[in-house]
Structures are given as structure tokens and as C-alpha cells.
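Data block below; observations after.
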Amino acid sequence: MNFDDTPQEAAFRAEARKWIDANAPKEFEAELTKAPLGRISLKHADIVEVGKAWQKKKAEGGWACLHWPKDYGGRGATPIEKVIWQQEEGIYGKLTSPFQIGEGMCGPTVMAFGSEEHKRHFLPKLASGENIWCQLFSEPAGGSDVAGLRTRAEKDGDGWIVNGQKIWTSGAHYSDYGLLITRTDPNVPKHKGLTMFFLDMKSEGVEVKPIKQANGMQEFNEVFFTNVRIPDSQRLGAVGDGWNVSLTTLMNERMSIGARLATGFPEIFEFCSNLMTEDGLAIDDRATRSKLAKWAVQASGLKYTSHRAVSALSKGERPGPENSIGKLVAGSMMQDIAAYAMDLEGAAGVFNDPAVAEAGGQFQAMLLSSPSMRIAGGTDEILRNIIAERVLGLPGDIRVDKDVPFNKIPTKGRG
């Protein structure tokens, strides 16, 4: 495979670089460059408001959601051009974090299953940053089993009444709309009784409670639904076909997370190149060099696996289960790197104040954030099952509840 730009791609790159140089919010450049991994925030500005302004400017210049059709707010660009844009956007891409779920997961699902009217109305506003979307899948009782959800949607005239709870919903506290998967029929096996909707997060009966994280951030939320009414026109896919609809979201999610998730390798390499230990530079130690070599190989593998996914997209293929590999490797790699960096720091590893900590406390912030990266978008165990069964073709796990009606599955406290 030739990774050099074609003449057309080189011209596109030059155009993107010129536009970014003229329009990027350079007043945040230094802060974004030094932002600890896993903790993107601005000291004197709201990251969401700054992100909205950047997204709006990108949309006006024709650089938002590049791969989307022009009718839906995009540019109709190729997957390769999208990658080029991300490379050139660089640190300013951190400002787009509030929109990644909408652009990478919700938008493609609405595009695949929404009505033409909805696509033309909602997608351009998503692309321009006017509206932010979230994904309402996980539940307290479901764990990693998305199909075990208990949020109910009951038909009521020309709409549905929803009651239940979601948890770990990223960005729900500032989102305008959300994708919501519900149980509409408890009398059939759990994967067959689900239905997908989208809803206005300001609807009556929706309550959002932020979750305070160990790293000081509040990115995740609990969301409660009490008699929330959703019009049937906001249903995505057929009644009872929510699981198939959700697969579109989940496959795009794992590709989006796996492609964008920082591993910390460039940071740990620089850190080891400059950290002076009792025995000299850390990078001169054989054990450290062995660790770095291992992570270099993993980083290279992630890069080329991502290129393979981009190549598949360029051929019109849907993101597949192989994208679980990127997220699985990147999540554990981030945690391992952060833990090793703190070991190298010794007693100083307890300091996380950027003003006094080694490397600005970036590895401490990364370690506190890394567990969530191994859960969000599918736990390591779920991803390994997907890779084993759907990529390698190994026998599937025994699932004793596969053909059992959901309301007949035994649970604690229910005989």
C-alpha cells in the first residue's frame, strides 16, 4: 500500500492547511498543546462554547463532517480526505470532542434509518455545531449487555411513553438531542424486543445528573426518563428492530473511538528521552527501551489497522467488527503507559498539579481517565468476544438466555 499523497490529495492537504492557518483559534494553541491526555479543558473558557464556535467556522468554510453528503451539511469528501483533515487539524481537533458522538455515531445512524425530512433538518445542525447529540444506551442493571436494557417504551396513540434510566452518557448535560434505545416488547428474546428513537433532551420528564469522576471531570451522566413522550415519527427503524439499528451505531462508535483514542506513546517516548533517573536517562535503560519498543509496535499496528478501515470505507463498506481491535489495544495501552510513567517518576508520581508535577501531570490525568476508555464503547471482554467470533470465526460463547423471552430471564429478587 502506498501512503504517499496523490496529487489530488496533496492539493487537498495544502488547501486544508492554508484554511486552518488562517482560521484556527490560535489563542488556545499553547493550552491545547499542553492539555493532559484524558482531560481536555480550558482554564479561562468553556470548552463546549469554544468548540461550538470552531465547529461553526468549520461548517461555514466547508470543513465540518467532511465525509457527509453536502445536502446533510458535509462536503462529500472521501474517507482519505477526512483523515488528511484530521492530521492537519491537529491539536484543534481536541475542540471537537463535544461533537464526536454526534458526528461519529448518532449522525450515521440517523443517516441510515431516519426519514429524508429528518436528515435534512437535523444533520446540518449537527454538522455546524448548533446541536450536540449524545448516545443513550448503557443502563445500571445491564452492565456490558446492551440488550439487557430495561428502559420501557409503551405505545400511546401516535407516540410512545418512555420510563427508565441510562447511565455513563457522555455529554448528556450539554446535549440537545440523543439516540435512545428502549424495550418495547418484553415477551420476546431480549435482542428482538428493542426499538430505537431519537429525542429532544429538553423534553419534559428528562432529568440529567452529572457524575463526578476521579480525574475531576464531569463528562458522564445519569439520565432519568419519567413519562417522556416521543412521537412515533422519531423512531429509527422498525418496531422491534432496535438491535439491528444499534449495530450501526456501535460499529461506528468503535471505529470512531479506536481511530481517535490517544495512546500516550509519543508522550511517553519524549518523557523517557528527557527524564533523568539515578542511573542516567530513562531511555538508556534496557528495560525501558524494551517497553518503548513494544508500544512502538502497537502504535504502528493501530495506525495501519486504522488505514485498513479507511480503505474499506473508501470502497463503500460499512464499519465492521475488526474496528474493535483498535479500541481494545488503544485502551489498555493508554493505561499501561500511564502506570509505567508514574513508576518512573517514583515518589513524585503522587503529584498531579500541572504546575509542579513531572510532564505537567499528564500521565496522572491519563491514568485516572484510562479505566473509562476500557469500558466506554464496549468493555475489553465484549470486544474480545466480538473479535473472536466475528473476525476470527471462533465458536461463540454459550448464551443460555438467547431464545428466552426477556420477562422470563431470572434476575436477582425476581423468581
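Residue numbering restarts at 1 in every chain; chains get A, B, ... in the order shown in the C-alpha cells, and ligands count up from 1 in that same order.
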
**Message:** Taking only stretch 116-327 of chain A into account, list the residues labelled alpha helix (DSSP H) by DSSP (computed from the backbone), as a VMD selection string.
**Reply:** chain A and resid 116 to 127 242 to 260 265 to 274 286 to 314 324 to 327

Selection above as a file: C-alpha atoms, as a compact mmCIF listing (two decimals), in the first residue's frame:
# COMPACT_ATOMS: atom_id res chain seq x y z
CA GLU A 116 -35.34 12.29 4.42
CA GLU A 117 -37.08 15.17 6.20
CA HIS A 118 -35.27 14.40 9.43
CA LYS A 119 -31.92 14.01 7.73
CA ARG A 120 -32.19 17.39 6.01
CA HIS A 121 -33.41 19.08 9.19
CA PHE A 122 -31.18 17.62 11.91
CA LEU A 123 -27.90 16.64 10.26
CA PRO A 124 -26.82 20.09 9.01
CA LYS A 125 -27.42 21.49 12.51
CA LEU A 126 -25.35 18.67 13.96
CA ALA A 127 -22.55 19.30 11.47
CA GLY A 242 -33.67 -1.68 17.53
CA TRP A 243 -30.82 -4.13 17.93
CA ASN A 244 -30.01 -4.06 14.22
CA VAL A 245 -30.21 -0.26 14.27
CA SER A 246 -27.90 -0.15 17.29
CA LEU A 247 -25.27 -2.20 15.45
CA THR A 248 -24.81 0.69 13.04
CA THR A 249 -24.21 2.99 16.00
CA LEU A 250 -21.91 0.56 17.81
CA MET A 251 -19.76 -0.27 14.78
CA ASN A 252 -19.31 3.44 14.04
CA GLU A 253 -18.62 4.06 17.72
CA ARG A 254 -15.80 1.54 17.90
CA MET A 255 -14.29 2.84 14.71
CA SER A 256 -14.55 6.44 15.92
CA ILE A 257 -13.08 5.68 19.35
CA GLY A 258 -10.37 3.36 18.05
CA ALA A 259 -9.27 5.81 15.37
CA ARG A 260 -9.11 8.87 17.64
CA PHE A 265 3.09 6.72 23.07
CA PRO A 266 4.53 9.99 21.67
CA GLU A 267 4.30 11.48 25.16
CA ILE A 268 5.98 8.54 26.94
CA PHE A 269 8.77 8.46 24.33
CA GLU A 270 9.51 12.15 24.83
CA PHE A 271 9.22 11.76 28.59
CA CYS A 272 11.72 8.89 28.68
CA SER A 273 14.06 10.80 26.38
CA ASN A 274 14.31 13.65 28.89
CA ARG A 286 17.32 -1.60 28.58
CA ALA A 287 14.03 -2.43 30.32
CA THR A 288 12.60 0.96 29.41
CA ARG A 289 13.74 0.63 25.81
CA SER A 290 12.07 -2.79 25.64
CA LYS A 291 8.80 -1.25 26.87
CA LEU A 292 9.06 1.57 24.33
CA ALA A 293 9.75 -0.88 21.51
CA LYS A 294 6.66 -2.90 22.41
CA TRP A 295 4.48 0.23 22.45
CA ALA A 296 6.02 1.45 19.19
CA VAL A 297 4.96 -1.79 17.51
CA GLN A 298 1.44 -1.50 18.95
CA ALA A 299 1.16 2.14 17.85
CA SER A 300 2.25 1.17 14.34
CA GLY A 301 -0.28 -1.67 14.28
CA LEU A 302 -3.07 0.69 15.35
CA LYS A 303 -2.10 3.14 12.64
CA TYR A 304 -2.21 0.59 9.83
CA THR A 305 -5.33 -1.12 11.14
CA SER A 306 -7.00 2.28 11.03
CA HIS A 307 -5.77 2.75 7.45
CA ARG A 308 -7.30 -0.62 6.56
CA ALA A 309 -10.66 0.56 7.93
CA VAL A 310 -10.39 3.79 5.95
CA SER A 311 -9.61 1.79 2.82
CA ALA A 312 -12.74 -0.33 3.40
CA LEU A 313 -14.86 2.80 3.83
CA SER A 314 -13.48 4.22 0.60
CA SER A 324 -12.98 -3.42 17.84
CA ILE A 325 -9.25 -4.24 17.62
CA GLY A 326 -8.22 -0.58 17.66
CA LYS A 327 -10.21 0.30 20.74

**Request:** Show which residues sit within 9 Å of stretch 21-24 of chain A, as a list of chain:residue names. Count only C-alpha atoms, and ignore same-chain residues fewer than 3 positions away.
**Result:**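 My reading of the contact set: A:Ala16, A:Arg17, A:Lys18, A:Glu27, A:Glu29, A:Trp54, A:Lys57, A:Lys58, A:Glu89, A:Tyr92.
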
Export of prior selection with C-alpha atoms as an mmCIF file, in the first residue's frame:
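Result file is again_17.cif:
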data_model
loop_
_atom_site.group_PDB
_atom_site.id
_atom_site.type_symbol
_atom_site.label_atom_id
_atom_site.label_comp_id
_atom_site.auth_asym_id
_atom_site.auth_seq_id
_atom_site.Cartn_x
_atom_site.Cartn_y
_atom_site.Cartn_z
ATOM 1 C CA ALA A 16 -6.802 22.445 4.419
ATOM 2 C CA ARG A 17 -3.516 23.622 5.922
ATOM 3 C CA LYS A 18 -3.957 27.106 4.486
ATOM 4 C CA GLU A 27 -5.173 31.876 21.319
ATOM 5 C CA GLU A 29 -2.853 26.698 20.887
ATOM 6 C CA TRP A 54 -14.795 26.337 15.951
ATOM 7 C CA LYS A 57 -16.483 28.271 11.479
ATOM 8 C CA LYS A 58 -15.516 24.909 10.008
ATOM 9 C CA GLU A 89 -6.383 19.987 12.225
ATOM 10 C CA TYR A 92 -7.508 21.929 17.319
#

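Remark: for A:Trp19, the closest of the candidate residues A:Glu88, A:Phe406, A:Ser170, A:Ile101 is A:Glu88 (distances computed over only C-alpha atoms).
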
**Message:** I'd like the neighbourhood of A:Arg384 as JSON, numbers by chain, where a residue qualifies if any of its atoms comes within 12 Å (using only C-alpha atoms), though same-chain residues fewer than 3 positions away should be ignored.
**Reply:** {"A": [321, 322, 323, 324, 325, 326, 327, 328, 329, 374, 378, 379, 380, 381, 387, 388, 389, 390, 391, 392, 394, 396, 397]}

**Asked** Using only C-alpha atoms, which residues sit within 12 Å of stretch 152-161 of chain A once same-chain residues fewer than 2 positions away are excluded, as a PyMOL selection string?
**Response** chain A and resi 139+148-150+163-166+180-186+193-199+203-206+224-235+239-240+242

**Request:** Kindly give the distance, in Å, that separates atom CA of A:Ile375 and atom CA of A:Gly331, rounded to a single decimal.
**Result:** 8.8 Å

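Shortest atom-to-atom contact with A:Ile409 among A:Gln8, A:Thr169, A:Asn187, A:Asn131: A:Asn187, counting only C-alpha atoms.
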
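Pairwise distance (atom CA of A:Ile386, atom CA of A:Trp133) equals 26.4 Å.
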
**Item:** Selection near stretch 211-214 of chain A, 10 Å with only C-alpha atoms, sequence-local residues under 2 positions removed, as a list in words
**Value:** Ile167, Trp168, Thr169, Ser170, Val208, Lys209, Gly216, Met217, Gln218, Glu219, Phe220, Asn221, Glu222, Ala365, Leu368, Ser369 and Ser372 of chain A

Same residues, N, CA and C atoms, saved as a PDB file, in the first residue's frame:
ATOM      1  N   ILE A 167     -27.158   5.379  32.030  1.00  0.00           N
ATOM      2  CA  ILE A 167     -26.004   5.816  32.822  1.00  0.00           C
ATOM      3  C   ILE A 167     -24.756   5.859  31.940  1.00  0.00           C
ATOM      4  N   TRP A 168     -23.752   6.602  32.407  1.00  0.00           N
ATOM      5  CA  TRP A 168     -22.487   6.787  31.699  1.00  0.00           C
ATOM      6  C   TRP A 168     -22.702   7.444  30.337  1.00  0.00           C
ATOM      7  N   THR A 169     -23.692   8.323  30.256  1.00  0.00           N
ATOM      8  CA  THR A 169     -23.974   9.004  28.991  1.00  0.00           C
ATOM      9  C   THR A 169     -23.065  10.214  28.846  1.00  0.00           C
ATOM     10  N   SER A 170     -22.103  10.128  27.940  1.00  0.00           N
ATOM     11  CA  SER A 170     -21.150  11.227  27.726  1.00  0.00           C
ATOM     12  C   SER A 170     -21.865  12.442  27.149  1.00  0.00           C
ATOM     13  N   VAL A 208     -31.188  15.001  33.883  1.00  0.00           N
ATOM     14  CA  VAL A 208     -29.778  14.654  33.708  1.00  0.00           C
ATOM     15  C   VAL A 208     -29.011  14.983  34.988  1.00  0.00           C
ATOM     16  N   LYS A 209     -28.268  14.005  35.500  1.00  0.00           N
ATOM     17  CA  LYS A 209     -27.449  14.197  36.701  1.00  0.00           C
ATOM     18  C   LYS A 209     -25.997  13.850  36.387  1.00  0.00           C
ATOM     19  N   GLY A 216     -11.563  14.594  38.244  1.00  0.00           N
ATOM     20  CA  GLY A 216     -12.074  15.950  38.409  1.00  0.00           C
ATOM     21  C   GLY A 216     -13.019  16.405  37.325  1.00  0.00           C
ATOM     22  N   MET A 217     -13.185  15.603  36.270  1.00  0.00           N
ATOM     23  CA  MET A 217     -14.073  15.977  35.173  1.00  0.00           C
ATOM     24  C   MET A 217     -15.497  15.498  35.444  1.00  0.00           C
ATOM     25  N   GLN A 218     -16.436  16.023  34.659  1.00  0.00           N
ATOM     26  CA  GLN A 218     -17.835  15.591  34.735  1.00  0.00           C
ATOM     27  C   GLN A 218     -18.345  15.367  33.319  1.00  0.00           C
ATOM     28  N   GLU A 219     -17.801  14.350  32.657  1.00  0.00           N
ATOM     29  CA  GLU A 219     -18.177  14.077  31.270  1.00  0.00           C
ATOM     30  C   GLU A 219     -19.338  13.108  31.170  1.00  0.00           C
ATOM     31  N   PHE A 220     -19.506  12.249  32.195  1.00  0.00           N
ATOM     32  CA  PHE A 220     -20.544  11.220  32.173  1.00  0.00           C
ATOM     33  C   PHE A 220     -21.746  11.642  33.012  1.00  0.00           C
ATOM     34  N   ASN A 221     -22.883  11.032  32.700  1.00  0.00           N
ATOM     35  CA  ASN A 221     -24.122  11.408  33.379  1.00  0.00           C
ATOM     36  C   ASN A 221     -25.049  10.222  33.575  1.00  0.00           C
ATOM     37  N   GLU A 222     -25.938  10.366  34.560  1.00  0.00           N
ATOM     38  CA  GLU A 222     -27.116   9.526  34.669  1.00  0.00           C
ATOM     39  C   GLU A 222     -28.252  10.293  34.014  1.00  0.00           C
ATOM     40  N   ALA A 365      -3.275  12.300  34.934  1.00  0.00           N
ATOM     41  CA  ALA A 365      -4.605  12.517  34.368  1.00  0.00           C
ATOM     42  C   ALA A 365      -4.998  11.362  33.443  1.00  0.00           C
ATOM     43  N   LEU A 368      -6.053   8.228  35.484  1.00  0.00           N
ATOM     44  CA  LEU A 368      -7.380   8.354  36.069  1.00  0.00           C
ATOM     45  C   LEU A 368      -8.478   8.238  35.019  1.00  0.00           C
ATOM     46  N   SER A 369      -8.165   8.601  33.789  1.00  0.00           N
ATOM     47  CA  SER A 369      -9.165   8.541  32.717  1.00  0.00           C
ATOM     48  C   SER A 369      -9.199   7.193  32.013  1.00  0.00           C
ATOM     49  N   SER A 372     -12.082   4.363  32.138  1.00  0.00           N
ATOM     50  CA  SER A 372     -13.316   4.637  31.395  1.00  0.00           C
ATOM     51  C   SER A 372     -13.150   4.312  29.920  1.00  0.00           C
TER      52      SER A 372
END

**Prompt:** Please, what distance in Å, to one decimal, runs between atom CA of A:Ser128 and atom CA of A:Lys70?
**Reply:**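 The value is 12.2 Å.
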
**Message:** Counting only C-alpha atoms, which residue out of A:Ile132, A:Val400, A:Ile84, A:Leu275 sits closest to A:Glu103?
**Reply:** A:Ile132

**Request:** Please run DSSP on the backbone and report, as a ChimeraX atom specification, all residues within stretch 97-305 of chain A that come out as strand (DSSP E).
**Result:** /A:133-136,152-156,159-167,177-183,194-200,206-211,220-231,235-236,276-277,280-281
